[in-house]
file data20.cif (mmCIF, C-alpha atoms and all ligand atoms)
data_model
loop_
_atom_site.label_atom_id
_atom_site.label_comp_id
_atom_site.auth_asym_id
_atom_site.auth_seq_id
_atom_site.Cartn_x
_atom_site.Cartn_y
_atom_site.Cartn_z
CA MET A 1 2.68 -77.33 198.96
CA THR A 2 -0.94 -78.49 198.72
CA VAL A 3 -3.26 -75.85 197.29
CA PRO A 4 -6.44 -76.03 199.40
CA ILE A 5 -10.07 -75.95 198.31
CA ALA A 6 -12.12 -72.92 199.43
CA ILE A 7 -15.62 -73.44 200.79
CA ILE A 8 -17.81 -70.36 201.20
CA GLY A 9 -20.53 -70.95 203.81
CA THR A 10 -20.47 -73.02 207.00
CA GLY A 11 -24.10 -74.07 206.94
CA ILE A 12 -24.85 -77.77 206.76
CA ALA A 13 -24.20 -77.87 202.98
CA GLY A 14 -20.72 -76.32 203.25
CA LEU A 15 -19.79 -78.51 206.22
CA SER A 16 -21.11 -81.63 204.52
CA ALA A 17 -18.85 -80.85 201.53
CA ALA A 18 -15.95 -80.02 203.85
CA GLN A 19 -16.28 -83.30 205.71
CA ALA A 20 -16.52 -85.41 202.55
CA LEU A 21 -13.54 -83.65 200.94
CA THR A 22 -11.42 -83.99 204.07
CA GLU A 23 -12.26 -87.68 204.28
CA THR A 24 -11.03 -88.18 200.71
CA GLY A 25 -7.69 -86.54 201.51
CA HIS A 26 -8.27 -82.93 200.44
CA THR A 27 -7.38 -79.80 202.39
CA VAL A 28 -10.14 -77.24 202.81
CA GLN A 29 -10.45 -73.69 204.09
CA LEU A 30 -13.87 -72.39 205.08
CA PHE A 31 -15.27 -68.85 205.10
CA ASP A 32 -18.44 -67.47 206.64
CA LYS A 33 -19.77 -63.95 206.99
CA SER A 34 -21.29 -64.84 210.38
CA ARG A 35 -19.45 -65.15 213.68
CA GLY A 36 -20.33 -68.83 213.94
CA SER A 37 -21.33 -71.83 211.90
CA GLY A 38 -24.75 -73.22 211.09
CA GLY A 39 -26.40 -70.60 208.90
CA ARG A 40 -30.12 -71.36 208.92
CA MET A 41 -29.42 -74.31 211.20
CA SER A 42 -27.80 -72.19 213.89
CA SER A 43 -29.09 -71.30 217.35
CA LYS A 44 -29.18 -67.91 218.99
CA ARG A 45 -27.98 -67.42 222.55
CA SER A 46 -30.45 -65.23 224.44
CA ASP A 47 -31.65 -64.32 227.93
CA ALA A 48 -34.10 -67.19 227.55
CA GLY A 49 -31.33 -69.70 226.77
CA SER A 50 -30.32 -71.02 223.39
CA LEU A 51 -33.06 -70.79 220.75
CA ASP A 52 -33.44 -72.54 217.41
CA LEU A 53 -34.84 -69.69 215.33
CA GLY A 54 -34.24 -71.31 211.92
CA ALA A 55 -34.54 -75.04 211.24
CA GLN A 56 -36.80 -76.53 213.91
CA TYR A 57 -36.13 -80.21 213.39
CA PHE A 58 -35.20 -82.42 210.48
CA THR A 59 -36.28 -85.68 208.98
CA ALA A 60 -34.01 -88.26 207.31
CA ARG A 61 -35.41 -90.15 204.33
CA ASP A 62 -32.36 -90.81 202.16
CA ARG A 63 -30.39 -93.85 203.34
CA ARG A 64 -27.06 -91.94 203.31
CA PHE A 65 -28.48 -89.17 205.47
CA VAL A 66 -30.08 -91.69 207.85
CA THR A 67 -26.61 -93.20 208.41
CA GLU A 68 -25.08 -89.76 209.00
CA VAL A 69 -27.80 -88.76 211.48
CA GLN A 70 -27.20 -92.01 213.39
CA ARG A 71 -23.53 -91.03 213.58
CA TRP A 72 -24.48 -87.59 214.95
CA GLN A 73 -26.71 -89.30 217.49
CA SER A 74 -23.93 -91.62 218.61
CA LEU A 75 -21.65 -88.59 219.06
CA GLY A 76 -24.31 -86.84 221.17
CA TRP A 77 -24.80 -84.02 218.65
CA ALA A 78 -28.35 -84.97 217.71
CA ALA A 79 -31.33 -86.51 219.47
CA GLU A 80 -34.84 -87.54 218.61
CA TRP A 81 -37.61 -85.02 219.30
CA THR A 82 -41.04 -86.47 220.00
CA PRO A 83 -43.37 -83.49 220.40
CA GLN A 84 -47.10 -83.55 221.09
CA LEU A 85 -48.10 -82.35 217.64
CA TYR A 86 -51.19 -80.35 216.76
CA THR A 87 -52.71 -78.75 213.71
CA PHE A 88 -54.59 -75.49 213.62
CA GLN A 89 -57.00 -75.14 210.72
CA GLY A 90 -60.23 -73.18 210.26
CA GLY A 91 -59.91 -71.90 213.82
CA GLN A 92 -59.69 -75.41 215.30
CA LEU A 93 -56.79 -76.90 217.25
CA ASN A 94 -56.56 -80.67 216.95
CA MET A 95 -54.04 -83.24 218.08
CA SER A 96 -52.16 -84.66 215.13
CA PRO A 97 -49.85 -87.47 216.23
CA ASP A 98 -47.87 -89.37 213.61
CA GLU A 99 -45.11 -91.95 213.19
CA GLN A 100 -42.48 -89.64 211.66
CA THR A 101 -39.03 -89.65 213.30
CA ARG A 102 -37.86 -86.06 213.87
CA TRP A 103 -34.34 -85.02 214.86
CA VAL A 104 -32.88 -81.93 216.52
CA GLY A 105 -29.36 -80.86 217.42
CA ALA A 106 -28.59 -81.46 221.12
CA PRO A 107 -28.46 -79.50 223.34
CA ARG A 108 -29.11 -76.95 220.58
CA MET A 109 -29.45 -77.09 216.81
CA SER A 110 -26.01 -75.58 216.22
CA ALA A 111 -24.33 -78.52 218.02
CA ILE A 112 -24.29 -80.42 214.72
CA THR A 113 -22.40 -77.90 212.64
CA ARG A 114 -20.12 -77.13 215.62
CA GLY A 115 -19.28 -80.82 215.75
CA LEU A 116 -18.62 -81.05 212.02
CA LEU A 117 -16.41 -77.97 212.17
CA ASP A 118 -14.01 -79.50 214.70
CA GLY A 119 -10.41 -79.17 213.52
CA MET A 120 -11.31 -77.39 210.28
CA ASP A 121 -9.52 -74.25 209.09
CA VAL A 122 -12.24 -71.58 209.19
CA HIS A 123 -12.46 -67.78 208.86
CA PHE A 124 -15.55 -66.31 210.50
CA ALA A 125 -16.89 -62.74 210.13
CA CYS A 126 -15.49 -62.83 206.60
CA ARG A 127 -17.99 -61.96 203.87
CA ILE A 128 -16.70 -62.98 200.47
CA THR A 129 -17.63 -60.51 197.74
CA GLU A 130 -15.77 -61.93 194.75
CA VAL A 131 -14.37 -65.23 193.51
CA TYR A 132 -11.79 -64.63 190.79
CA ARG A 133 -9.27 -66.61 188.84
CA GLY A 134 -5.56 -65.76 188.82
CA GLU A 135 -3.18 -67.29 186.31
CA GLN A 136 -3.51 -70.77 187.71
CA HIS A 137 -5.62 -70.68 190.80
CA TRP A 138 -8.69 -69.17 192.44
CA HIS A 139 -8.67 -66.26 194.88
CA LEU A 140 -11.32 -64.72 197.11
CA GLN A 141 -11.90 -61.08 197.91
CA ASP A 142 -13.65 -60.18 201.17
CA ALA A 143 -15.77 -57.18 202.13
CA GLU A 144 -12.90 -55.63 204.12
CA GLY A 145 -10.70 -55.59 201.02
CA GLY A 146 -8.64 -58.63 202.06
CA THR A 147 -7.74 -61.38 199.63
CA HIS A 148 -7.44 -65.11 200.25
CA GLY A 149 -5.83 -67.83 198.17
CA PRO A 150 -4.58 -69.49 196.12
CA PHE A 151 -7.21 -72.24 195.94
CA SER A 152 -7.45 -75.14 193.50
CA HIS A 153 -11.28 -75.17 193.52
CA VAL A 154 -14.10 -73.17 195.10
CA VAL A 155 -17.31 -74.58 196.57
CA ILE A 156 -20.01 -71.93 197.09
CA ALA A 157 -22.44 -73.11 199.78
CA THR A 158 -24.61 -70.04 200.35
CA PRO A 159 -28.30 -69.39 199.56
CA ALA A 160 -28.87 -68.89 195.81
CA PRO A 161 -29.22 -65.07 195.85
CA GLN A 162 -25.86 -64.79 197.60
CA ALA A 163 -24.28 -67.43 195.33
CA THR A 164 -25.19 -65.57 192.14
CA ALA A 165 -22.57 -62.83 192.50
CA LEU A 166 -19.92 -65.31 193.65
CA LEU A 167 -20.52 -67.43 190.54
CA ALA A 168 -19.77 -64.54 188.12
CA ALA A 169 -16.80 -66.47 186.65
CA ALA A 170 -19.23 -69.19 185.52
CA PRO A 171 -22.08 -67.21 183.89
CA LYS A 172 -24.20 -70.29 183.17
CA LEU A 173 -24.21 -71.36 186.82
CA ALA A 174 -24.76 -67.74 187.91
CA GLY A 175 -27.80 -67.63 185.60
CA VAL A 176 -29.28 -70.76 187.17
CA ALA A 177 -28.73 -69.42 190.72
CA ALA A 178 -30.22 -66.04 189.73
CA GLY A 179 -33.42 -67.83 188.68
CA VAL A 180 -33.99 -69.31 192.16
CA LYS A 181 -36.48 -67.31 194.20
CA MET A 182 -36.11 -67.64 197.94
CA ASP A 183 -38.90 -66.68 200.33
CA PRO A 184 -38.41 -64.94 203.69
CA THR A 185 -39.57 -66.08 207.13
CA TRP A 186 -40.11 -63.90 210.20
CA ALA A 187 -39.26 -65.86 213.37
CA VAL A 188 -40.28 -64.76 216.86
CA ALA A 189 -39.40 -66.19 220.27
CA LEU A 190 -41.66 -65.53 223.26
CA ALA A 191 -40.73 -66.62 226.78
CA PHE A 192 -43.26 -66.93 229.61
CA GLU A 193 -42.44 -67.22 233.29
CA LYS A 194 -45.57 -69.25 234.03
CA PRO A 195 -45.90 -72.15 231.57
CA LEU A 196 -48.79 -71.76 229.13
CA ASP A 197 -51.71 -74.03 229.93
CA THR A 198 -51.52 -76.31 226.89
CA PRO A 199 -50.07 -79.76 226.22
CA MET A 200 -49.10 -78.63 222.69
CA GLU A 201 -45.39 -78.83 221.84
CA GLY A 202 -45.45 -78.27 218.08
CA CYS A 203 -48.16 -77.08 215.70
CA PHE A 204 -48.59 -76.98 211.91
CA VAL A 205 -50.72 -73.88 211.39
CA GLN A 206 -53.05 -72.91 208.55
CA ASP A 207 -55.36 -69.96 207.90
CA SER A 208 -53.21 -67.66 210.07
CA PRO A 209 -50.17 -65.39 209.74
CA LEU A 210 -48.41 -68.26 211.54
CA ASP A 211 -47.05 -71.34 209.79
CA TRP A 212 -45.49 -73.21 212.70
CA LEU A 213 -44.87 -73.01 216.42
CA ALA A 214 -42.72 -75.06 218.79
CA ARG A 215 -42.24 -75.29 222.52
CA ASN A 216 -38.52 -74.99 223.07
CA ARG A 217 -38.37 -76.90 226.38
CA SER A 218 -39.90 -80.00 224.74
CA LYS A 219 -36.67 -80.47 222.76
CA PRO A 220 -33.94 -82.56 224.42
CA GLY A 221 -31.34 -80.71 226.49
CA ARG A 222 -32.97 -77.27 226.35
CA ASP A 223 -33.16 -74.76 229.19
CA THR A 224 -36.45 -75.27 231.03
CA THR A 225 -36.39 -72.20 233.29
CA LEU A 226 -38.85 -70.32 231.08
CA ASP A 227 -41.59 -71.62 228.81
CA THR A 228 -40.19 -70.38 225.51
CA TRP A 229 -41.96 -70.70 222.16
CA VAL A 230 -40.62 -70.22 218.65
CA LEU A 231 -43.17 -68.92 216.13
CA HIS A 232 -42.68 -68.83 212.36
CA ALA A 233 -44.80 -66.68 210.07
CA THR A 234 -45.85 -67.94 206.63
CA SER A 235 -43.80 -66.94 203.59
CA ALA A 236 -46.71 -64.80 202.34
CA TRP A 237 -47.11 -62.90 205.64
CA SER A 238 -43.33 -62.50 205.96
CA ARG A 239 -43.09 -61.07 202.42
CA GLN A 240 -45.97 -58.67 203.01
CA HIS A 241 -44.43 -57.47 206.28
CA ILE A 242 -40.79 -57.68 205.30
CA ASP A 243 -39.93 -54.13 206.48
CA LEU A 244 -42.10 -54.08 209.59
CA SER A 245 -40.25 -53.24 212.81
CA LYS A 246 -39.31 -56.17 215.06
CA GLU A 247 -41.60 -54.80 217.80
CA ALA A 248 -44.58 -54.77 215.44
CA VAL A 249 -43.81 -58.29 214.17
CA ILE A 250 -43.66 -59.58 217.76
CA GLU A 251 -47.00 -57.91 218.54
CA HIS A 252 -48.72 -59.35 215.45
CA LEU A 253 -47.45 -62.90 215.91
CA HIS A 254 -48.10 -62.83 219.67
CA GLY A 255 -51.69 -61.88 218.78
CA ALA A 256 -51.96 -64.72 216.24
CA PHE A 257 -50.67 -67.15 218.89
CA ALA A 258 -53.30 -65.95 221.41
CA GLU A 259 -56.01 -66.43 218.77
CA LEU A 260 -54.81 -69.95 218.13
CA LEU A 261 -54.93 -70.83 221.83
CA HIS A 262 -58.28 -69.04 222.23
CA SER A 263 -56.95 -67.37 225.34
CA ALA A 264 -55.87 -64.01 226.62
CA MET A 265 -52.19 -64.70 226.63
CA PRO A 266 -49.89 -63.19 229.29
CA ALA A 267 -47.28 -60.69 228.18
CA PRO A 268 -43.99 -62.48 227.54
CA THR A 269 -41.11 -61.80 229.91
CA PHE A 270 -38.77 -61.98 226.95
CA SER A 271 -39.25 -61.66 223.22
CA LEU A 272 -37.14 -61.35 220.11
CA ALA A 273 -37.66 -61.36 216.36
CA HIS A 274 -35.38 -62.49 213.57
CA ARG A 275 -35.91 -61.97 209.86
CA TRP A 276 -34.61 -64.71 207.55
CA LEU A 277 -34.45 -63.05 204.15
CA TYR A 278 -33.60 -66.23 202.25
CA ALA A 279 -35.39 -68.83 204.34
CA ARG A 280 -36.54 -71.31 201.72
CA PRO A 281 -36.59 -71.78 197.97
CA ALA A 282 -40.04 -70.94 196.59
CA THR A 283 -39.98 -74.25 194.66
CA GLY A 284 -37.90 -77.42 195.00
CA HIS A 285 -35.26 -78.37 192.42
CA GLU A 286 -33.48 -81.57 191.49
CA TRP A 287 -30.02 -80.33 190.54
CA THR A 288 -28.37 -81.75 193.69
CA THR A 289 -25.34 -79.56 192.91
CA LEU A 290 -24.25 -77.09 190.21
CA ALA A 291 -20.77 -77.65 188.80
CA ASP A 292 -18.40 -76.27 186.21
CA VAL A 293 -15.89 -79.07 186.45
CA ASP A 294 -13.45 -77.54 183.93
CA LEU A 295 -13.30 -74.29 185.86
CA GLY A 296 -13.33 -76.00 189.26
CA LEU A 297 -16.34 -74.06 190.58
CA TYR A 298 -19.18 -75.76 192.48
CA ALA A 299 -22.37 -74.54 194.14
CA CYS A 300 -24.43 -76.46 196.68
CA GLY A 301 -27.13 -75.81 199.24
CA ASP A 302 -30.71 -76.64 200.11
CA TRP A 303 -31.92 -74.70 197.03
CA CYS A 304 -30.32 -77.33 194.75
CA LEU A 305 -32.67 -79.96 196.23
CA SER A 306 -35.50 -80.04 198.74
CA GLY A 307 -35.10 -76.80 200.72
CA ARG A 308 -34.56 -78.82 203.89
CA VAL A 309 -31.63 -79.80 206.10
CA GLU A 310 -31.47 -83.21 204.45
CA GLY A 311 -31.39 -81.66 200.95
CA ALA A 312 -28.61 -79.26 201.96
CA TRP A 313 -26.50 -82.09 203.39
CA LEU A 314 -26.99 -84.29 200.32
CA SER A 315 -26.15 -81.35 198.06
CA GLY A 316 -22.84 -80.79 199.89
CA GLN A 317 -21.99 -84.49 199.59
CA GLU A 318 -22.63 -84.43 195.86
CA ALA A 319 -20.52 -81.28 195.30
CA ALA A 320 -17.64 -83.01 197.11
CA ARG A 321 -18.12 -86.24 195.15
CA ARG A 322 -18.11 -84.43 191.79
CA LEU A 323 -15.02 -82.44 192.75
CA HIS A 324 -13.14 -85.50 193.97
CA GLU A 325 -14.13 -87.45 190.85
CA SER A 326 -12.82 -84.65 188.59
CA LEU A 327 -9.34 -85.29 190.01
CA GLN A 328 -9.31 -89.05 189.47
P1 LIG B 401 -27.30 -71.91 205.06
O1 LIG B 401 -27.63 -72.56 206.32
O2 LIG B 401 -28.04 -70.66 204.71
O3 LIG B 401 -25.73 -71.62 205.06
C1 LIG B 401 -25.13 -70.66 204.23
C2 LIG B 401 -23.97 -69.99 204.96
O4 LIG B 401 -23.31 -69.12 204.04
C3 LIG B 401 -24.44 -69.09 206.12
O5 LIG B 401 -23.76 -69.47 207.30
C4 LIG B 401 -24.09 -67.67 205.68
O6 LIG B 401 -23.67 -66.86 206.76
C5 LIG B 401 -22.94 -67.93 204.71
N1 LIG B 401 -22.78 -66.90 203.67
C6 LIG B 401 -23.73 -66.39 202.84
N2 LIG B 401 -23.18 -65.51 201.99
C7 LIG B 401 -21.85 -65.44 202.29
C8 LIG B 401 -20.75 -64.69 201.77
N3 LIG B 401 -20.91 -63.83 200.77
N4 LIG B 401 -19.53 -64.90 202.32
C9 LIG B 401 -19.35 -65.77 203.36
N5 LIG B 401 -20.36 -66.50 203.89
C10 LIG B 401 -21.59 -66.33 203.36
N6 LIG B 401 -35.29 -77.38 207.30
C11 LIG B 401 -35.73 -78.56 207.79
O7 LIG B 401 -35.28 -79.63 207.34
N7 LIG B 401 -36.64 -78.60 208.81
C12 LIG B 401 -37.16 -77.45 209.35
O8 LIG B 401 -37.94 -77.51 210.30
C13 LIG B 401 -36.75 -76.21 208.82
N8 LIG B 401 -37.25 -75.06 209.30
C14 LIG B 401 -36.75 -73.89 208.86
C15 LIG B 401 -37.22 -72.71 209.42
C16 LIG B 401 -36.67 -71.49 209.05
C17 LIG B 401 -37.19 -70.22 209.65
C18 LIG B 401 -35.61 -71.44 208.12
C19 LIG B 401 -34.97 -70.14 207.76
C20 LIG B 401 -35.16 -72.61 207.53
C21 LIG B 401 -35.73 -73.84 207.89
N9 LIG B 401 -35.32 -75.04 207.33
C22 LIG B 401 -35.77 -76.22 207.80
C23 LIG B 401 -34.40 -75.05 206.20
C24 LIG B 401 -32.97 -75.39 206.63
O9 LIG B 401 -32.60 -74.56 207.70
C25 LIG B 401 -32.07 -75.18 205.42
O10 LIG B 401 -32.52 -75.97 204.35
C26 LIG B 401 -30.60 -75.54 205.67
O11 LIG B 401 -30.17 -75.19 206.97
C27 LIG B 401 -29.78 -74.82 204.60
O12 LIG B 401 -28.41 -75.10 204.73
P2 LIG B 401 -27.36 -74.49 203.71
O13 LIG B 401 -26.03 -74.91 204.17
O14 LIG B 401 -27.79 -74.81 202.31
O15 LIG B 401 -27.51 -72.89 203.81
P1 LIG B 402 -42.35 -83.27 208.17
O1 LIG B 402 -42.51 -84.56 207.48
O2 LIG B 402 -42.56 -83.23 209.65
O3 LIG B 402 -43.36 -82.19 207.58
C1 LIG B 402 -43.68 -81.96 206.23
C2 LIG B 402 -45.05 -81.31 206.15
O4 LIG B 402 -46.04 -82.31 206.38
C3 LIG B 402 -45.32 -80.23 207.19
O5 LIG B 402 -45.02 -78.94 206.72
C4 LIG B 402 -46.82 -80.37 207.43
O6 LIG B 402 -47.51 -79.60 206.49
C5 LIG B 402 -47.09 -81.82 207.18
N1 LIG B 402 -47.12 -82.62 208.43
C6 LIG B 402 -46.14 -83.41 208.90
N2 LIG B 402 -46.52 -84.01 210.04
C7 LIG B 402 -47.75 -83.59 210.30
C8 LIG B 402 -48.67 -83.86 211.34
N3 LIG B 402 -48.38 -84.67 212.38
N4 LIG B 402 -49.88 -83.27 211.29
C9 LIG B 402 -50.20 -82.44 210.27
N5 LIG B 402 -49.37 -82.15 209.26
C10 LIG B 402 -48.16 -82.70 209.27
O7 LIG B 402 -40.90 -82.66 207.92
P2 LIG B 402 -40.04 -82.36 206.61
O8 LIG B 402 -40.61 -82.98 205.40
O9 LIG B 402 -38.65 -82.65 206.96
O10 LIG B 402 -40.25 -80.80 206.45
C11 LIG B 402 -39.59 -79.87 207.24
C12 LIG B 402 -40.43 -78.78 207.78
O11 LIG B 402 -39.65 -77.60 207.76
C13 LIG B 402 -41.69 -78.46 207.02
O12 LIG B 402 -42.72 -78.23 207.94
C14 LIG B 402 -41.36 -77.16 206.31
O13 LIG B 402 -42.50 -76.33 206.13
C15 LIG B 402 -40.40 -76.53 207.30
N6 LIG B 402 -39.52 -75.56 206.67
C16 LIG B 402 -39.71 -74.26 206.99
C17 LIG B 402 -38.94 -73.28 206.40
C18 LIG B 402 -39.20 -71.85 206.74
O14 LIG B 402 -38.52 -70.98 206.22
N7 LIG B 402 -40.14 -71.54 207.60
C19 LIG B 402 -37.87 -73.59 205.46
C20 LIG B 402 -37.74 -75.00 205.18
C21 LIG B 402 -38.54 -75.95 205.79
#

call {"tool": "encode", "arguments": {"input": "data20.cif", "output": "structure tokens"}}
result
Amino acid sequence: MTVPIAIIGTGIAGLSAAQALTETGHTVQLFDKSRGSGGRMSSKRSDAGSLDLGAQYFTARDRRFVTEVQRWQSLGWAAEWTPQLYTFQGGQLNMSPDEQTRWVGAPRMSAITRGLLDGMDVHFACRITEVYRGEQHWHLQDAEGGTHGPFSHVVIATPAPQATALLAAAPKLAGVAAGVKMDPTWAVALAFEKPLDTPMEGCFVQDSPLDWLARNRSKPGRDTTLDTWVLHATSAWSRQHIDLSKEAVIEHLHGAFAELLHSAMPAPTFSLAHRWLYARPATGHEWTTLADVDLGLYACGDWCLSGRVEGAWLSGQEAARRLHESLQ
């Protein structure tokens, strides 16, 4: 019987590793504490349709990722997003067009990881609390007291703070993961019945509690019934207001949005807030992946590279490549 490889995390890093390992003939089993895939690249179903509260779009600069994104596009999982971009700085809103190609999942961000997951053996709502070695193989313990295994190797594809405990069997790797600081982001969605009177569809914001805002309906395939906006606070504001109630966060960021548009903004017909505790690594790294090849333990994720979708995908590819190579 083939002993499978365990992958903890079904974000883009874990699914990138899963896809590469499957393509090279390995059997994988995936685990995620959430009820669906995507992690920070997921979408939330709401009364205002499906909302991308985490990753807003992604760029592809590495040749390998460009090829993969073209494949997603040909499968209908991803499409180009060409927003009317603005900047807000020193109280001024200015148009800021550029030549950058930006991609989004279609019709929602989570379409990409849903596509990659097709046919994979996955356990959702399963938070792994321990990765331990039996006589020959690896086993996983979950938060409900269940155990899973045996596994020949384990790939940990979670944010660094969550990877640290799971890497306890490889103290050096655990030490590296423990040294990665990840910053939070408060995300808010506001939906308006009457479209806001602005041509803006995306905005890079400075000198404000806000860091970014996007008009949901400008992305391909989205619900256009309401004019829904996704607002992201800066890391600094999010850290300072980490324990604020969702209602208060919505009120603050709604106010910052009104200030940016220099208008008395209507009350939203729908609003929600989501706190990403581990949104982005405070600094970039160039590890690509962390590996203890002798033990058969690997860690990957955006924090091993650029803190972006592309970095997470490349990190998963490299974990899979190193693992496959160790068996040749
Ligand atoms: P994740 O997506 O975090 O996946 C990790 C998975 O592991 C999750 O599904 C989680 O549920 C699971 N997990 C964690 N612990 C356990 C456990 N103990 N047991 C089981 N499962 C576990 N990137 C861009 O390129 N462009 C953007 O515009 C952009 N905007 C962003 C905005 C926000 C608000 C946030 C939060 C992120 C943004 N990013 C953006 C970053 C991008 O989303 C991430 O770089 C990328 O999605 C990370 O993928 P990952 O697979 O490394 O991690
Ligand atoms: P990108 O090339 O579009 O943007 C990179 C940065 O360049 C932007 O943050 C912005 O400061 C600047 N920029 C780009 N186009 C601009 C324009 N037309 N006008 C003015 N400034 C412009 O995309 P890339 O490199 O793929 O970055 C991804 C984005 O995701 C970044 O904006 C980053 O801040 C954001 N992100 C947010 C996270 C969060 O937790 N809020 C986590 C990870 C990424």

call {"tool": "residues_around", "arguments": {"input": "data20.cif", "residues": "Ala291 in chain A", "least_positions_apart": "2", "cutoff": "8 Å", "atoms": "all atoms listed in the file", "output": "list of chain:residue names"}}
result
A:Leu173, A:Thr289, A:Val293, A:Gly296, A:Leu297, A:Tyr298, A:Ala299, A:Ala319, A:Arg322

call {"tool": "closest_residue", "arguments": {"input": "data20.cif", "among": "A:Gly90, A:Pro281, A:Pro209, A:Gly134", "to": "ligand LIG 402 (chain B)", "atoms": "only C-alpha atoms and all ligand atoms"}}
result
A:Pro281

call {"tool": "closest_residue", "arguments": {"input": "data20.cif", "among": "A:Gly25, A:Pro195, A:Gly91, A:Gly54", "to": "Leu213 in chain A", "atoms": "only C-alpha atoms"}}
result
A:Gly54

call {"tool": "closest_residue", "arguments": {"input": "data20.cif", "among": "A:Leu15, A:Leu166, A:Val205, A:Val188", "to": "Trp276 in chain A", "atoms": "all atoms listed in the file"}}
result
A:Val188

call {"tool": "closest_atom_pairs", "arguments": {"input": "data20.cif", "of": "chain A", "to": "ligand LIG 401 (chain B)", "cutoff": "6 Å", "atoms": "all atoms listed in the file", "output": "CSV"}}
result
residue,atom,partner,partner_atom,distance
A:Ile8,CA,B:LIG401,C9,5.3
A:Gly9,CA,B:LIG401,O4,3.3
A:Thr10,CA,B:LIG401,O5,4.8
A:Gly11,CA,B:LIG401,O13,3.5
A:Ile12,CA,B:LIG401,O13,4.0
A:Ala13,CA,B:LIG401,O13,3.7
A:Gly14,CA,B:LIG401,O13,5.6
A:Phe31,CA,B:LIG401,C9,5.4
A:Asp32,CA,B:LIG401,N5,3.5
A:Lys33,CA,B:LIG401,N5,4.1
A:Ser34,CA,B:LIG401,O6,4.8
A:Ser37,CA,B:LIG401,O5,5.7
A:Gly38,CA,B:LIG401,O5,5.4
A:Gly39,CA,B:LIG401,O5,3.3
A:Arg40,CA,B:LIG401,O1,3.8
A:Met41,CA,B:LIG401,O11,4.4
A:Gly54,CA,B:LIG401,C16,3.8
A:Ala55,CA,B:LIG401,N8,3.3
A:Gln56,CA,B:LIG401,O8,3.9
A:Tyr57,CA,B:LIG401,O8,4.5
A:Phe58,CA,B:LIG401,O7,4.2
A:Cys126,CA,B:LIG401,C9,5.8
A:Arg127,CA,B:LIG401,N4,3.7
A:Ile128,CA,B:LIG401,N4,3.9
A:Thr129,CA,B:LIG401,N3,5.6
A:Ala157,CA,B:LIG401,C1,5.7
A:Thr158,CA,B:LIG401,C1,4.0
A:Pro159,CA,B:LIG401,O2,5.3
A:Gln162,CA,B:LIG401,N2,5.2
A:Thr185,CA,B:LIG401,C17,5.4
A:Trp276,CA,B:LIG401,C19,5.4
A:Ala279,CA,B:LIG401,C19,3.7
A:Gly301,CA,B:LIG401,O14,3.3
A:Asp302,CA,B:LIG401,O14,4.1
A:Gly307,CA,B:LIG401,O10,4.5
A:Arg308,CA,B:LIG401,O10,3.5
A:Val309,CA,B:LIG401,O7,3.9
A:Glu310,CA,B:LIG401,O7,6.0
A:Ala312,CA,B:LIG401,O14,4.5

call {"tool": "write_last_selection", "arguments": {"input": "data20.cif", "atoms": "C-alpha atoms", "output": "mmCIF file, keeping the file's coordinate frame"}}
result
data_model
loop_
_atom_site.group_PDB
_atom_site.id
_atom_site.type_symbol
_atom_site.label_atom_id
_atom_site.label_comp_id
_atom_site.auth_asym_id
_atom_site.auth_seq_id
_atom_site.Cartn_x
_atom_site.Cartn_y
_atom_site.Cartn_z
ATOM 1 C CA ILE A 8 -17.810 -70.360 201.200
ATOM 2 C CA GLY A 9 -20.530 -70.950 203.810
ATOM 3 C CA THR A 10 -20.470 -73.020 207.000
ATOM 4 C CA GLY A 11 -24.100 -74.070 206.940
ATOM 5 C CA ILE A 12 -24.850 -77.770 206.760
ATOM 6 C CA ALA A 13 -24.200 -77.870 202.980
ATOM 7 C CA GLY A 14 -20.720 -76.320 203.250
ATOM 8 C CA PHE A 31 -15.270 -68.850 205.100
ATOM 9 C CA ASP A 32 -18.440 -67.470 206.640
ATOM 10 C CA LYS A 33 -19.770 -63.950 206.990
ATOM 11 C CA SER A 34 -21.290 -64.840 210.380
ATOM 12 C CA SER A 37 -21.330 -71.830 211.900
ATOM 13 C CA GLY A 38 -24.750 -73.220 211.090
ATOM 14 C CA GLY A 39 -26.400 -70.600 208.900
ATOM 15 C CA ARG A 40 -30.120 -71.360 208.920
ATOM 16 C CA MET A 41 -29.420 -74.310 211.200
ATOM 17 C CA GLY A 54 -34.240 -71.310 211.920
ATOM 18 C CA ALA A 55 -34.540 -75.040 211.240
ATOM 19 C CA GLN A 56 -36.800 -76.530 213.910
ATOM 20 C CA TYR A 57 -36.130 -80.210 213.390
ATOM 21 C CA PHE A 58 -35.200 -82.420 210.480
ATOM 22 C CA CYS A 126 -15.490 -62.830 206.600
ATOM 23 C CA ARG A 127 -17.990 -61.960 203.870
ATOM 24 C CA ILE A 128 -16.700 -62.980 200.470
ATOM 25 C CA THR A 129 -17.630 -60.510 197.740
ATOM 26 C CA ALA A 157 -22.440 -73.110 199.780
ATOM 27 C CA THR A 158 -24.610 -70.040 200.350
ATOM 28 C CA PRO A 159 -28.300 -69.390 199.560
ATOM 29 C CA GLN A 162 -25.860 -64.790 197.600
ATOM 30 C CA THR A 185 -39.570 -66.080 207.130
ATOM 31 C CA TRP A 276 -34.610 -64.710 207.550
ATOM 32 C CA ALA A 279 -35.390 -68.830 204.340
ATOM 33 C CA GLY A 301 -27.130 -75.810 199.240
ATOM 34 C CA ASP A 302 -30.710 -76.640 200.110
ATOM 35 C CA GLY A 307 -35.100 -76.800 200.720
ATOM 36 C CA ARG A 308 -34.560 -78.820 203.890
ATOM 37 C CA VAL A 309 -31.630 -79.800 206.100
ATOM 38 C CA GLU A 310 -31.470 -83.210 204.450
ATOM 39 C CA ALA A 312 -28.610 -79.260 201.960
#
